[in-house]
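Undergrad: Structure in structure tokens, see below.
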Amino acid sequence: MGTPEQCSTHSLPATLALGWAIVQVLAYFETVLIVFIFAAILAFLLNYPVKFVSRFIPRWVAVVLVFLLALLILGGLMATLGLAIISQAQQLLQQAPQFLESAIALLETLQSFLQKRNITVDFSTFETQLREQALGIIGKGFSTLQNVLLNLLNVIVIAVVGFFMLLDGRRLWNLIVRLFPASLRDDLTRAIQKNFLGLFWGRLLLSIFLGISTFLVFILLDIRYALVMAALAGAFDLIPGIGATIGISLICLIILPQGILLSLKVLVGCILLQQVEENLLMPRIMQGSININPVIMFFALLVGARVAGVVGVFLSLPIAGVIICLLDIDEMRGEKIEQPSG
């Protein structure tokens, strides 16, 4: 028997090999996994009301009722809030060239200001690159909106698969865990519940909070396209680790042509909301969920993004958390877990 340090050292190559194998599988079955992952998330979220309703009626009846009610609510949201967000996004993209010209004008004003103080700066090359990159992003934005409208078939497939997962998910999971050794099945189930389900549920609640709170801030500051800006903040907040920071930075850049002072107000307001989220809400909502060393976290995010794009970003941390839990590698955790004395 080796020492714990030796065991931890020997387990590191196995961890890397297992992670590499999982990444390759994800990359190969990316499209299929997207459907089943979102279906599983849908089934997981709806399982809470199903458990409550099934106390009074048979489970299959509870599943049907809750599923139909969820479809009604989601359909209503898509017909109102979703279409409003898409409409504002289209208007924003149409006015993006005007915002681009305003941003370039700000750069020229800054250049003149610096030249008056004998500071020679040439932003012409940067302006050219900014114009090219912005036009490319605008084109991708229109393409993304079209894909959202055309991918209704995938949404239907996700809803159908999620319904059957909700109806008979436990038996399906028991079938899946049979592929693993009997000694590993219980630990695997607990690790997935803790890292996958706990992370997705927590991030969803936090992103809803940030989306609603930023929308109120944008309304108070009289920001144009407040709804799509808030939706952008909430969507980026779903990405663990750096999502909220990227979303806030992007929003401030979009608002910058409307005024530097206004952009700074938005930045300060969003940072305050982010601090409330991270210091007050996150410790309670994410309690007992994923716990990864920050270096390992960013490494997993970069690998996931490189291999599977946006889907890889969402799946990288839960997969890393499951591996750490199964192999019990304390060095990869966010903090040393102290055992109670006595």
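Please note that chains go A, B, ... in the order of the structure tokens, that every chain numbers its residues from 1, and that ligands are numbered from 1 in the order shown.
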Quick one: residues within 9 Å of Ala84 in chain A, only C-alpha atoms, excluding same-chain residues fewer than 5 positions away - as a list in words?
TA: Met78, Ala79, Ala89, Leu227 and Val228 of chain A
Undergrad: Given the choices A:Ile248, A:Ile239, A:Leu74, A:Leu256, which gets closest to Gly312 in chain A if the distance is worked out from only C-alpha atoms?
TA: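 Selected residue with least distance to Gly312 in chain A: A:Ile239.
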Undergrad: Fewer than 3 positions away in the same chain doesn't count, so skip those; otherwise give me all residues within 12 Å of Trp173 in chain A, counting only C-alpha atoms, as a ChimeraX atom specification.
TA: /A:40,165-166,168-170,176-180,185-186,188-189,192-193
Undergrad: Hey, can you spit out that residue selection with N, CA, C and O atoms as a PDB file, in the first residue's frame?
TA:
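File produced: part-v7.pdb:
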ATOM      1  N   ALA A  40     -32.632  16.077 -20.411  1.00  0.00           N
ATOM      2  CA  ALA A  40     -32.406  15.653 -19.026  1.00  0.00           C
ATOM      3  C   ALA A  40     -32.560  16.824 -18.056  1.00  0.00           C
ATOM      4  O   ALA A  40     -33.122  16.670 -16.965  1.00  0.00           O
ATOM      5  N   MET A 165     -38.210  10.843 -20.300  1.00  0.00           N
ATOM      6  CA  MET A 165     -37.253  10.774 -19.191  1.00  0.00           C
ATOM      7  C   MET A 165     -37.950  11.039 -17.864  1.00  0.00           C
ATOM      8  O   MET A 165     -37.676  10.385 -16.857  1.00  0.00           O
ATOM      9  N   LEU A 166     -38.846  12.001 -17.863  1.00  0.00           N
ATOM     10  CA  LEU A 166     -39.589  12.323 -16.654  1.00  0.00           C
ATOM     11  C   LEU A 166     -40.521  11.187 -16.264  1.00  0.00           C
ATOM     12  O   LEU A 166     -40.715  10.909 -15.073  1.00  0.00           O
ATOM     13  N   ASP A 168     -40.197   7.862 -16.991  1.00  0.00           N
ATOM     14  CA  ASP A 168     -39.550   6.605 -16.596  1.00  0.00           C
ATOM     15  C   ASP A 168     -38.044   6.784 -16.471  1.00  0.00           C
ATOM     16  O   ASP A 168     -37.269   5.915 -16.859  1.00  0.00           O
ATOM     17  N   GLY A 169     -37.625   7.929 -15.908  1.00  0.00           N
ATOM     18  CA  GLY A 169     -36.206   8.237 -15.838  1.00  0.00           C
ATOM     19  C   GLY A 169     -35.414   7.343 -14.906  1.00  0.00           C
ATOM     20  O   GLY A 169     -34.261   7.021 -15.168  1.00  0.00           O
ATOM     21  N   ARG A 170     -36.038   6.918 -13.791  1.00  0.00           N
ATOM     22  CA  ARG A 170     -35.296   6.112 -12.818  1.00  0.00           C
ATOM     23  C   ARG A 170     -34.858   4.776 -13.429  1.00  0.00           C
ATOM     24  O   ARG A 170     -33.723   4.336 -13.232  1.00  0.00           O
ATOM     25  N   ILE A 176     -28.377   2.605 -17.251  1.00  0.00           N
ATOM     26  CA  ILE A 176     -27.097   3.220 -17.605  1.00  0.00           C
ATOM     27  C   ILE A 176     -26.006   2.845 -16.609  1.00  0.00           C
ATOM     28  O   ILE A 176     -24.881   2.514 -16.995  1.00  0.00           O
ATOM     29  N   VAL A 177     -26.320   2.884 -15.316  1.00  0.00           N
ATOM     30  CA  VAL A 177     -25.290   2.624 -14.302  1.00  0.00           C
ATOM     31  C   VAL A 177     -24.849   1.171 -14.298  1.00  0.00           C
ATOM     32  O   VAL A 177     -23.817   0.841 -13.710  1.00  0.00           O
ATOM     33  N   ARG A 178     -25.605   0.291 -14.947  1.00  0.00           N
ATOM     34  CA  ARG A 178     -25.164  -1.100 -15.047  1.00  0.00           C
ATOM     35  C   ARG A 178     -23.894  -1.242 -15.868  1.00  0.00           C
ATOM     36  O   ARG A 178     -23.219  -2.274 -15.796  1.00  0.00           O
ATOM     37  N   LEU A 179     -23.573  -0.223 -16.664  1.00  0.00           N
ATOM     38  CA  LEU A 179     -22.339  -0.253 -17.440  1.00  0.00           C
ATOM     39  C   LEU A 179     -21.109  -0.073 -16.570  1.00  0.00           C
ATOM     40  O   LEU A 179     -19.990  -0.329 -17.016  1.00  0.00           O
ATOM     41  N   PHE A 180     -21.296   0.356 -15.311  1.00  0.00           N
ATOM     42  CA  PHE A 180     -20.183   0.609 -14.397  1.00  0.00           C
ATOM     43  C   PHE A 180     -20.122  -0.478 -13.329  1.00  0.00           C
ATOM     44  O   PHE A 180     -21.121  -1.155 -13.074  1.00  0.00           O
ATOM     45  N   ARG A 185     -21.368   2.438  -8.599  1.00  0.00           N
ATOM     46  CA  ARG A 185     -22.666   2.954  -9.042  1.00  0.00           C
ATOM     47  C   ARG A 185     -23.233   4.007  -8.095  1.00  0.00           C
ATOM     48  O   ARG A 185     -23.696   5.067  -8.539  1.00  0.00           O
ATOM     49  N   ASP A 186     -23.219   3.722  -6.790  1.00  0.00           N
ATOM     50  CA  ASP A 186     -23.782   4.692  -5.835  1.00  0.00           C
ATOM     51  C   ASP A 186     -22.978   5.985  -5.816  1.00  0.00           C
ATOM     52  O   ASP A 186     -23.552   7.087  -5.784  1.00  0.00           O
ATOM     53  N   LEU A 188     -21.175   7.166  -8.248  1.00  0.00           N
ATOM     54  CA  LEU A 188     -21.391   7.851  -9.510  1.00  0.00           C
ATOM     55  C   LEU A 188     -22.714   8.612  -9.493  1.00  0.00           C
ATOM     56  O   LEU A 188     -22.787   9.768  -9.932  1.00  0.00           O
ATOM     57  N   THR A 189     -23.743   7.992  -8.963  1.00  0.00           N
ATOM     58  CA  THR A 189     -25.053   8.645  -8.895  1.00  0.00           C
ATOM     59  C   THR A 189     -24.994   9.898  -8.032  1.00  0.00           C
ATOM     60  O   THR A 189     -25.503  10.963  -8.412  1.00  0.00           O
ATOM     61  N   ILE A 192     -22.930  12.717  -9.814  1.00  0.00           N
ATOM     62  CA  ILE A 192     -23.659  13.381 -10.896  1.00  0.00           C
ATOM     63  C   ILE A 192     -24.754  14.271 -10.343  1.00  0.00           C
ATOM     64  O   ILE A 192     -24.965  15.397 -10.823  1.00  0.00           O
ATOM     65  N   GLN A 193     -25.469  13.809  -9.311  1.00  0.00           N
ATOM     66  CA  GLN A 193     -26.494  14.647  -8.694  1.00  0.00           C
ATOM     67  C   GLN A 193     -25.884  15.913  -8.108  1.00  0.00           C
ATOM     68  O   GLN A 193     -26.457  17.006  -8.231  1.00  0.00           O
TER      69      GLN A 193
END
Undergrad: Smallest atom-to-atom distance to Lys194 in chain A: which of A:Leu175, A:Ile292, A:Val322, A:Leu71, using only C-alpha atoms?
TA: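 Of all the options, A:Val322 lies closest to Lys194 in chain A.
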Undergrad: Just how far from CA of Asn195 in chain A is CA of Pro318 in chain A, in Å to one decimal?
TA: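 According to the coordinates, CA of Pro318 in chain A and CA of Asn195 in chain A are separated by 5.0 Å.
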Undergrad: Quote the spacing between CA of Thr214 in chain A and CA of Val155 in chain A in Å to one decimal place.
TA: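 Pair CA of Thr214 in chain A / CA of Val155 in chain A returns 27.5 Å.
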Undergrad: Have a look at CA of Leu199 in chain A and CA of Ile285 in chain A and let me know their distance in Å, one decimal.
TA: 9.4 Å
Undergrad: Which one of A:Ile158, A:Ala21, A:Ile208, A:Leu261 sits closest to Ala235 in chain A if you count only C-alpha atoms?
TA: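 The answer is A:Ile208, which sits nearest to Ala235 in chain A.
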Undergrad: Might you pull out every residue within 9 Å of Ile319 in chain A, with only C-alpha atoms counted and same-chain residues fewer than 2 positions away left off, and present them as a list in words?
TA: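 Residues near the query, excluding close chain neighbours: Gly19, Ile22, Ile192, Asn195, Phe196, Ala300, Leu315, Ser316, Leu317, Gly321, Val322, Ile323 and Ile324 of chain A.
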